[in-house]
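Below is model.cif, holding mmCIF, C-alpha atoms and all ligand atoms.
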```
data_target
loop_
_atom_site.label_atom_id
_atom_site.label_comp_id
_atom_site.auth_asym_id
_atom_site.auth_seq_id
_atom_site.Cartn_x
_atom_site.Cartn_y
_atom_site.Cartn_z
CA MET A 17 -34.83 28.91 -96.92
CA ALA A 18 -35.23 25.10 -96.79
CA GLN A 19 -32.14 23.27 -95.61
CA THR A 20 -31.23 19.58 -95.36
CA TYR A 21 -29.45 18.04 -92.38
CA HIS A 22 -26.32 17.55 -94.55
CA GLN A 23 -26.35 21.24 -95.47
CA LEU A 24 -27.00 22.22 -91.86
CA ARG A 25 -23.92 20.26 -90.77
CA LEU A 26 -21.72 21.96 -93.38
CA ASP A 27 -23.08 25.40 -92.44
CA LEU A 28 -22.57 24.70 -88.73
CA ALA A 29 -18.96 23.54 -89.25
CA ALA A 30 -18.29 26.74 -91.24
CA ALA A 31 -19.95 28.94 -88.57
CA LEU A 32 -17.93 27.32 -85.76
CA ALA A 33 -14.69 27.58 -87.75
CA LEU A 34 -15.08 31.38 -87.69
CA PHE A 35 -14.13 31.41 -83.99
CA LEU A 36 -12.72 27.92 -83.22
CA ASP A 37 -9.71 26.24 -84.77
CA PRO A 38 -10.71 23.87 -87.61
CA GLU A 39 -10.15 20.61 -85.68
CA GLU A 40 -12.13 21.89 -82.69
CA ALA A 41 -14.89 23.17 -84.99
CA HIS A 42 -15.21 19.75 -86.65
CA ALA A 43 -15.22 17.89 -83.31
CA GLU A 44 -17.85 20.24 -81.81
CA CYS A 45 -20.02 19.97 -84.90
CA VAL A 46 -20.11 16.18 -84.47
CA LEU A 47 -20.87 16.61 -80.74
CA TRP A 48 -23.66 19.13 -81.33
CA PHE A 49 -25.39 16.74 -83.71
CA GLU A 50 -24.94 13.71 -81.48
CA GLU A 51 -25.38 15.19 -77.98
CA GLY A 52 -27.42 18.30 -78.74
CA LEU A 53 -29.79 17.05 -81.42
CA GLY A 54 -29.52 13.32 -80.64
CA LEU A 55 -28.68 12.56 -84.28
CA SER A 56 -26.12 9.77 -84.71
CA ARG A 57 -23.84 9.31 -87.74
CA SER A 58 -25.97 6.35 -88.86
CA TRP A 59 -29.15 8.49 -88.56
CA MET A 60 -27.43 11.09 -90.76
CA VAL A 61 -26.58 8.47 -93.41
CA ALA A 62 -30.25 7.44 -93.57
CA HIS A 63 -31.92 10.85 -93.16
CA GLY A 64 -29.32 13.49 -94.08
CA THR A 65 -31.26 14.65 -97.14
CA GLU A 66 -34.44 15.40 -95.15
CA GLN A 67 -35.45 19.00 -94.46
CA VAL A 68 -34.56 20.48 -91.08
CA PRO A 69 -37.54 21.85 -89.14
CA ALA A 70 -37.38 25.61 -88.43
CA GLU A 71 -37.37 24.92 -84.66
CA VAL A 72 -34.11 22.91 -84.97
CA ARG A 73 -32.50 25.68 -87.02
CA ARG A 74 -33.49 28.22 -84.36
CA ARG A 75 -32.00 26.07 -81.60
CA ILE A 76 -28.70 25.74 -83.47
CA SER A 77 -28.55 29.51 -84.12
CA GLY A 78 -29.07 30.15 -80.40
CA TRP A 79 -26.29 27.70 -79.51
CA VAL A 80 -23.91 29.33 -82.04
CA ARG A 81 -24.61 32.78 -80.55
CA ARG A 82 -23.76 31.54 -77.04
CA ARG A 83 -20.70 29.54 -78.16
CA LYS A 84 -19.36 32.54 -80.07
CA LYS A 85 -19.29 34.50 -76.79
CA GLY A 86 -17.04 31.77 -75.36
CA GLU A 87 -19.61 29.74 -73.38
CA PRO A 88 -18.41 26.12 -73.30
CA TRP A 89 -20.56 23.51 -75.07
CA ALA A 90 -21.10 21.55 -71.83
CA TYR A 91 -22.89 24.54 -70.24
CA ILE A 92 -24.99 25.09 -73.36
CA LEU A 93 -25.98 21.41 -73.35
CA GLY A 94 -26.25 21.29 -69.54
CA SER A 95 -24.30 18.03 -69.17
CA SER A 96 -20.99 16.35 -69.81
CA ALA A 97 -19.70 12.78 -70.07
CA PHE A 98 -17.33 11.30 -67.47
CA ARG A 99 -16.25 7.65 -67.39
CA GLY A 100 -19.06 6.76 -69.75
CA ARG A 101 -21.78 8.39 -67.66
CA ARG A 102 -23.61 11.63 -68.27
CA PHE A 103 -23.43 14.23 -65.48
CA LYS A 104 -25.50 17.38 -65.23
CA VAL A 105 -23.34 20.51 -65.04
CA SER A 106 -24.45 24.00 -64.04
CA PRO A 107 -22.79 27.41 -63.82
CA ASP A 108 -22.04 26.47 -60.17
CA THR A 109 -19.91 23.48 -61.17
CA LEU A 110 -16.67 22.92 -63.01
CA ILE A 111 -16.99 21.04 -66.29
CA PRO A 112 -15.49 17.53 -65.87
CA ARG A 113 -12.00 17.20 -67.36
CA PRO A 114 -10.55 14.02 -68.89
CA GLU A 115 -7.51 14.26 -66.54
CA THR A 116 -9.83 13.69 -63.57
CA GLU A 117 -10.46 10.16 -64.88
CA LEU A 118 -6.78 9.50 -64.00
CA LEU A 119 -7.54 10.53 -60.41
CA VAL A 120 -10.48 8.12 -60.22
CA GLU A 121 -8.33 5.32 -61.67
CA ALA A 122 -5.56 6.03 -59.15
CA ALA A 123 -8.14 6.09 -56.32
CA LEU A 124 -9.53 2.71 -57.39
CA ASP A 125 -6.00 1.26 -57.55
CA VAL A 126 -4.80 2.64 -54.20
CA GLY A 127 -8.14 1.99 -52.47
CA HIS A 128 -8.17 -1.67 -53.53
CA ARG A 129 -4.51 -2.15 -52.55
CA LEU A 130 -5.11 -0.62 -49.11
CA LYS A 131 -8.44 -2.47 -48.81
CA VAL A 132 -10.26 0.70 -47.76
CA ASP A 133 -13.98 0.50 -47.10
CA ARG A 134 -14.74 4.22 -47.29
CA CYS A 135 -13.56 7.39 -48.96
CA VAL A 136 -14.36 11.07 -49.16
CA ASP A 137 -14.31 13.31 -52.25
CA VAL A 138 -13.44 16.86 -51.19
CA GLY A 139 -14.61 19.69 -53.48
CA THR A 140 -17.05 17.39 -55.23
CA GLY A 141 -18.45 19.95 -57.73
CA SER A 142 -20.86 18.06 -59.99
CA GLY A 143 -20.08 14.89 -58.00
CA ILE A 144 -18.19 13.06 -60.76
CA ILE A 145 -15.52 11.54 -58.48
CA ALA A 146 -17.83 10.59 -55.60
CA VAL A 147 -20.53 9.15 -57.87
CA SER A 148 -18.02 7.20 -60.00
CA LEU A 149 -16.38 5.68 -56.90
CA ALA A 150 -19.75 4.88 -55.32
CA LEU A 151 -20.91 3.10 -58.48
CA GLU A 152 -17.63 1.28 -59.14
CA THR A 153 -16.84 0.01 -55.61
CA ASP A 154 -18.63 -1.16 -52.49
CA TRP A 155 -17.05 1.64 -50.44
CA GLN A 156 -19.05 4.07 -48.32
CA VAL A 157 -18.59 7.36 -50.13
CA SER A 158 -19.04 10.86 -48.79
CA ALA A 159 -18.34 14.21 -50.38
CA SER A 160 -17.98 17.85 -49.41
CA ASP A 161 -18.08 21.24 -51.09
CA VAL A 162 -18.34 24.86 -49.98
CA SER A 163 -20.76 25.64 -52.80
CA LEU A 164 -24.44 24.95 -52.12
CA GLY A 165 -25.15 25.23 -55.85
CA ALA A 166 -22.54 22.60 -56.66
CA LEU A 167 -23.87 20.31 -53.92
CA ALA A 168 -27.39 20.57 -55.35
CA THR A 169 -26.11 19.47 -58.76
CA ALA A 170 -23.99 16.69 -57.23
CA ARG A 171 -27.01 15.38 -55.29
CA GLU A 172 -29.08 15.39 -58.46
CA ASN A 173 -26.37 13.47 -60.34
CA ALA A 174 -26.07 10.89 -57.55
CA SER A 175 -29.81 10.39 -57.55
CA THR A 176 -30.15 10.18 -61.36
CA LEU A 177 -27.26 7.73 -61.64
CA GLY A 178 -28.36 5.63 -58.63
CA ALA A 179 -25.30 6.28 -56.44
CA THR A 180 -25.37 6.43 -52.64
CA VAL A 181 -23.21 9.34 -51.44
CA GLN A 182 -23.39 11.33 -48.16
CA PHE A 183 -22.99 15.01 -49.04
CA HIS A 184 -21.71 17.66 -46.60
CA GLU A 185 -21.48 21.43 -46.94
CA GLY A 186 -18.34 23.10 -45.65
CA HIS A 187 -14.60 23.73 -45.84
CA LEU A 188 -12.50 20.70 -46.88
CA LEU A 189 -12.87 17.90 -44.28
CA ASP A 190 -14.46 20.08 -41.55
CA PRO A 191 -18.03 18.83 -42.10
CA VAL A 192 -17.08 15.15 -42.66
CA PRO A 193 -17.29 12.86 -39.59
CA ASP A 194 -14.56 10.33 -38.65
CA PRO A 195 -13.49 7.79 -39.71
CA LEU A 196 -12.63 9.41 -43.03
CA GLY A 197 -11.15 6.54 -45.02
CA MET A 198 -9.18 7.50 -48.12
CA VAL A 199 -9.31 11.16 -49.16
CA VAL A 200 -9.62 12.05 -52.85
CA ALA A 201 -9.89 15.57 -54.24
CA ASN A 202 -9.76 17.72 -57.31
CA LEU A 203 -9.65 21.08 -55.56
CA PRO A 204 -8.92 24.45 -57.18
CA TYR A 205 -5.19 24.55 -58.05
CA VAL A 206 -4.77 27.31 -60.65
CA ASP A 207 -2.42 30.16 -59.71
CA PRO A 208 -4.49 33.41 -59.72
CA ALA A 209 -1.51 35.12 -61.40
CA ASP A 210 -2.17 32.97 -64.51
CA GLN A 211 -5.74 34.29 -64.88
CA PRO A 212 -5.00 36.81 -67.69
CA THR A 213 -3.41 34.10 -69.86
CA LEU A 214 -6.19 31.50 -69.57
CA GLN A 215 -8.62 30.39 -72.31
CA ARG A 216 -11.68 32.66 -72.46
CA GLU A 217 -14.00 29.65 -71.84
CA LEU A 218 -12.66 29.45 -68.26
CA ALA A 219 -14.32 32.79 -67.48
CA PHE A 220 -17.67 30.91 -67.58
CA GLU A 221 -16.59 28.48 -64.85
CA PRO A 222 -16.85 29.49 -61.16
CA ALA A 223 -13.62 31.20 -60.03
CA SER A 224 -14.06 29.42 -56.67
CA ALA A 225 -13.65 26.10 -58.52
CA LEU A 226 -10.43 27.14 -60.28
CA PHE A 227 -8.17 29.42 -58.28
CA ALA A 228 -6.32 28.96 -54.99
CA PRO A 229 -3.91 31.30 -53.20
CA ASP A 230 -0.20 30.51 -52.69
CA ARG A 231 0.40 29.93 -56.45
CA GLY A 232 -2.52 27.48 -56.55
CA LEU A 233 -1.16 25.32 -53.70
CA ALA A 234 -3.10 26.59 -50.66
CA LEU A 235 -6.08 24.21 -50.71
CA SER A 236 -4.01 21.12 -51.64
CA ASP A 237 -1.64 21.95 -48.79
CA ALA A 238 -4.50 22.49 -46.32
CA LEU A 239 -6.21 19.23 -47.29
CA LEU A 240 -3.00 17.17 -47.04
CA ARG A 241 -2.50 18.65 -43.56
CA GLN A 242 -6.09 17.92 -42.42
CA ALA A 243 -6.11 14.41 -43.88
CA ARG A 244 -2.79 13.57 -42.17
CA ALA A 245 -3.96 14.97 -38.82
CA ARG A 246 -7.11 12.85 -39.04
CA GLN A 247 -5.25 9.62 -39.84
CA ALA A 248 -6.50 9.11 -43.39
CA PRO A 249 -4.65 6.11 -44.87
CA ALA A 250 -4.10 7.98 -48.16
CA CYS A 251 -4.77 11.32 -49.77
CA LEU A 252 -4.97 11.58 -53.57
CA LEU A 253 -5.08 14.97 -55.24
CA GLU A 254 -5.37 16.25 -58.76
CA ILE A 255 -2.66 18.92 -59.03
CA GLY A 256 -1.37 21.46 -61.54
CA ALA A 257 1.55 21.04 -63.93
CA GLY A 258 4.80 21.70 -62.06
CA GLN A 259 3.25 21.48 -58.57
CA GLY A 260 4.34 17.89 -57.84
CA GLY A 261 7.83 18.48 -56.40
CA GLU A 262 6.82 21.15 -53.94
CA LEU A 263 3.65 19.36 -52.80
CA CYS A 264 5.57 16.10 -52.25
CA ARG A 265 8.12 17.95 -50.10
CA ARG A 266 5.33 19.61 -48.13
CA ALA A 267 3.49 16.28 -47.67
CA MET A 268 6.64 14.58 -46.33
CA GLY A 269 7.13 17.53 -43.97
CA MET A 270 3.59 16.96 -42.62
CA GLY A 271 4.41 13.38 -41.69
CA TRP A 272 3.07 11.43 -44.69
CA HIS A 273 5.37 8.40 -45.10
CA LYS A 274 5.37 8.36 -48.88
CA ALA A 275 4.42 10.93 -51.51
CA MET A 276 4.58 10.38 -55.27
CA VAL A 277 3.39 12.10 -58.41
CA HIS A 278 1.87 10.61 -61.57
CA GLN A 279 2.00 12.48 -64.87
CA ASP A 280 -0.88 12.90 -67.33
CA PHE A 281 -0.88 12.00 -71.07
CA ALA A 282 0.95 15.26 -71.84
CA GLY A 283 3.71 14.45 -69.32
CA HIS A 284 2.57 17.06 -66.76
CA ASP A 285 2.36 16.48 -63.00
CA ARG A 286 -1.30 15.60 -62.43
CA ILE A 287 -1.92 13.21 -59.52
CA LEU A 288 -0.29 13.36 -56.10
CA ILE A 289 -0.57 10.28 -53.91
CA ALA A 290 0.34 10.63 -50.22
CA LEU A 291 0.36 7.48 -48.09
CA MET A 292 0.48 6.95 -44.30
C1 LIG B 1 -11.74 22.09 -59.50
S1 LIG B 1 -13.42 22.01 -58.94
C2 LIG B 1 -13.61 20.24 -59.04
C3 LIG B 1 -14.99 19.73 -59.06
C4 LIG B 1 -15.07 18.20 -59.24
N1 LIG B 1 -14.43 17.51 -58.14
C5 LIG B 1 -14.44 17.79 -60.54
O1 LIG B 1 -13.41 17.11 -60.51
O2 LIG B 1 -14.97 18.17 -61.60
C6 LIG B 1 -13.18 22.33 -57.22
C7 LIG B 1 -14.38 22.26 -56.31
O3 LIG B 1 -13.92 22.54 -54.99
C8 LIG B 1 -14.86 23.36 -54.32
N2 LIG B 1 -14.14 24.06 -53.26
C9 LIG B 1 -13.43 25.21 -53.34
N3 LIG B 1 -12.92 25.53 -52.13
C10 LIG B 1 -13.33 24.58 -51.27
C11 LIG B 1 -13.12 24.35 -49.87
N4 LIG B 1 -12.41 25.18 -49.14
N5 LIG B 1 -13.70 23.25 -49.32
C12 LIG B 1 -14.45 22.40 -50.06
N6 LIG B 1 -14.67 22.57 -51.38
C13 LIG B 1 -14.11 23.63 -51.98
C14 LIG B 1 -15.42 24.25 -55.40
O4 LIG B 1 -16.68 24.76 -55.02
C15 LIG B 1 -15.47 23.29 -56.60
O5 LIG B 1 -16.72 22.64 -56.67
#
```

Translate this structure into structure tokens?
Ligand SMILES: C[S@@+](CC[C@H](N)C(=O)[O-])C[C@H]1O[C@@H](n2cnc3c(N)ncnc32)[C@H](O)[C@@H]1O
Amino acid sequence: MAQTYHQLRLDLAAALALFLDPEEAHAECVLWFEEGLGLSRSWMVAHGTEQVPAEVRRRISGWVRRRKKGEPWAYILGSSAFRGRRFKVSPDTLIPRPETELLVEAALDVGHRLKVDRCVDVGTGSGIIAVSLALETDWQVSASDVSLGALATARENASTLGATVQFHEGHLLDPVPDPLGMVVANLPYVDPADQPTLQRELAFEPASALFAPDRGLALSDALLRQARARQAPACLLEIGAGQGGELCRRAMGMGWHKAMVHQDFAGHDRILIALM
């Protein structure tokens, strides 16, 4: 049956509302039109009464089928926005989170105050932190990850966005040569015990990008220890809600001179800053 773009949008919002809450369904509907079909609100005002080609209807039906099974929109689209730039994402990479923008802002602030000239992003995933810092500073930026698939996507993002980043494969700082400069990381910090209670969308993201032993603290602890032993001037970590107190105590016990925690918009511990 023939269908206009206006009708398609109403039908899509109704289809999404069958398995998403109404606010989320509305927001995704807008995103699907803008990011997925490339149709802006102003295009809709001018062309909303035109007929939708069958091929577009088929694409939308395919997306609805995948979304209904819980696959996040960013994986269906194949990209996600971060600090105003578009990054490719793949099943090997975490989807960028808005909280990670706070980590990049803290890194810019601390890096400028300490006058660093280099930094390393550990657990780079799609490369959002490394690429953002490389494009927004004149620092030499390097990055590491244990996942070859993630590194391939990060390299592609750096190249597409015109950022110069040295990528290394391996555990934490092991593959990164001295001098390190400032260390920045959004490593896995979810407690594996929380897995059964998590949103079903998370099952589509790599477990190796989400979970860490020792109630989610193991990799943050190991990186703070490595960075301190290798004389990094600062180590900034994205952390989980409620992890700040314990990680600060551990950092001070490792010989960091100062350790502080910043909260996110919801008031949860989110960024740990350890300074020499
Ligand atoms: C939470 S994701 C973050 C990705 C990206 N930095 C971001 O903010 O979207 C964590 C990343 O750390 C990587 N990772 C896990 N264990 C690691 C380790 N021991 N050494 C280096 N990277 C690791 C994962 O492969 C994943 O890409």

**Message:** Under the rule that only C-alpha atoms and all ligand atoms are counted, which of A:Ile255, A:Leu235, A:Ala248, A:Met276 is the nearest residue to ligand LIG 1 (chain B)?
**Reply:**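 Distance minimum relative to ligand LIG 1 (chain B) lands on A:Leu235.
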
**Asked** Which residues form the shell of 6 Å around ligand LIG 1 (chain B) when you count all atoms listed in the file, given as a PyMOL selection string?
**Response** chain A and resi 109-112+116+138-142+160-163+166+186-188+202-204+224-226

**Request:** To one decimal in Å, tell me the separation between CA of Phe220 in chain A and CA of Leu32 in chain A.
**Result:**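 Separating CA of Phe220 in chain A from CA of Leu32 in chain A is a distance of 18.5 Å.
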
**Message:** Around the point (-13.1, 9.8, -45.7) (coordinates from the file), which residues reach within 10 Å if we count all atoms listed in the file? Answer as a list in words.
**Reply:** Val132, Asp133, Arg134, Cys135, Val136, Asp137, Val138, Gln156, Val157, Ser158, Ala159, Leu189, Val192, Pro193, Asp194, Pro195, Leu196, Gly197, Met198, Val199, Val200, Ala243, Arg246, Gln247, Ala248, Pro249, Ala250 and Cys251 of chain A

**Item:** Contact residues around Ala150 in chain A with only C-alpha atoms at 7 Å, ignoring same-chain residues under 6 positions, as a ChimeraX atom specification
**Value:** /A:157,179-181

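From CA of Glu254 in chain A back to CA of Ala201 in chain A, the distance works out to 6.4 Å.
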
**Request:** For CA of Gly283 in chain A and CA of Leu253 in chain A, determine how far apart the two atoms are, in Å to one decimal place.
**Result:** 16.6 Å

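Take the candidates A:Gly78, A:Pro107, A:Gly64, A:Gly261 and check each one against Arg25 in chain A using only C-alpha atoms; the shortest distance goes to A:Gly64.
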
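Using only C-alpha atoms, the smallest distance between any of A:Asp27, A:Asp108, A:Glu117, A:Glu40 and Ile76 in chain A comes from A:Asp27.
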
**Item:** Among the residues A:Ala267, A:Val206, A:Leu252, A:Leu214, the one that comes closest to Leu119 in chain A [using all atoms listed in the file]
**Value:**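 Closest to Leu119 in chain A of all the choices is A:Leu252.
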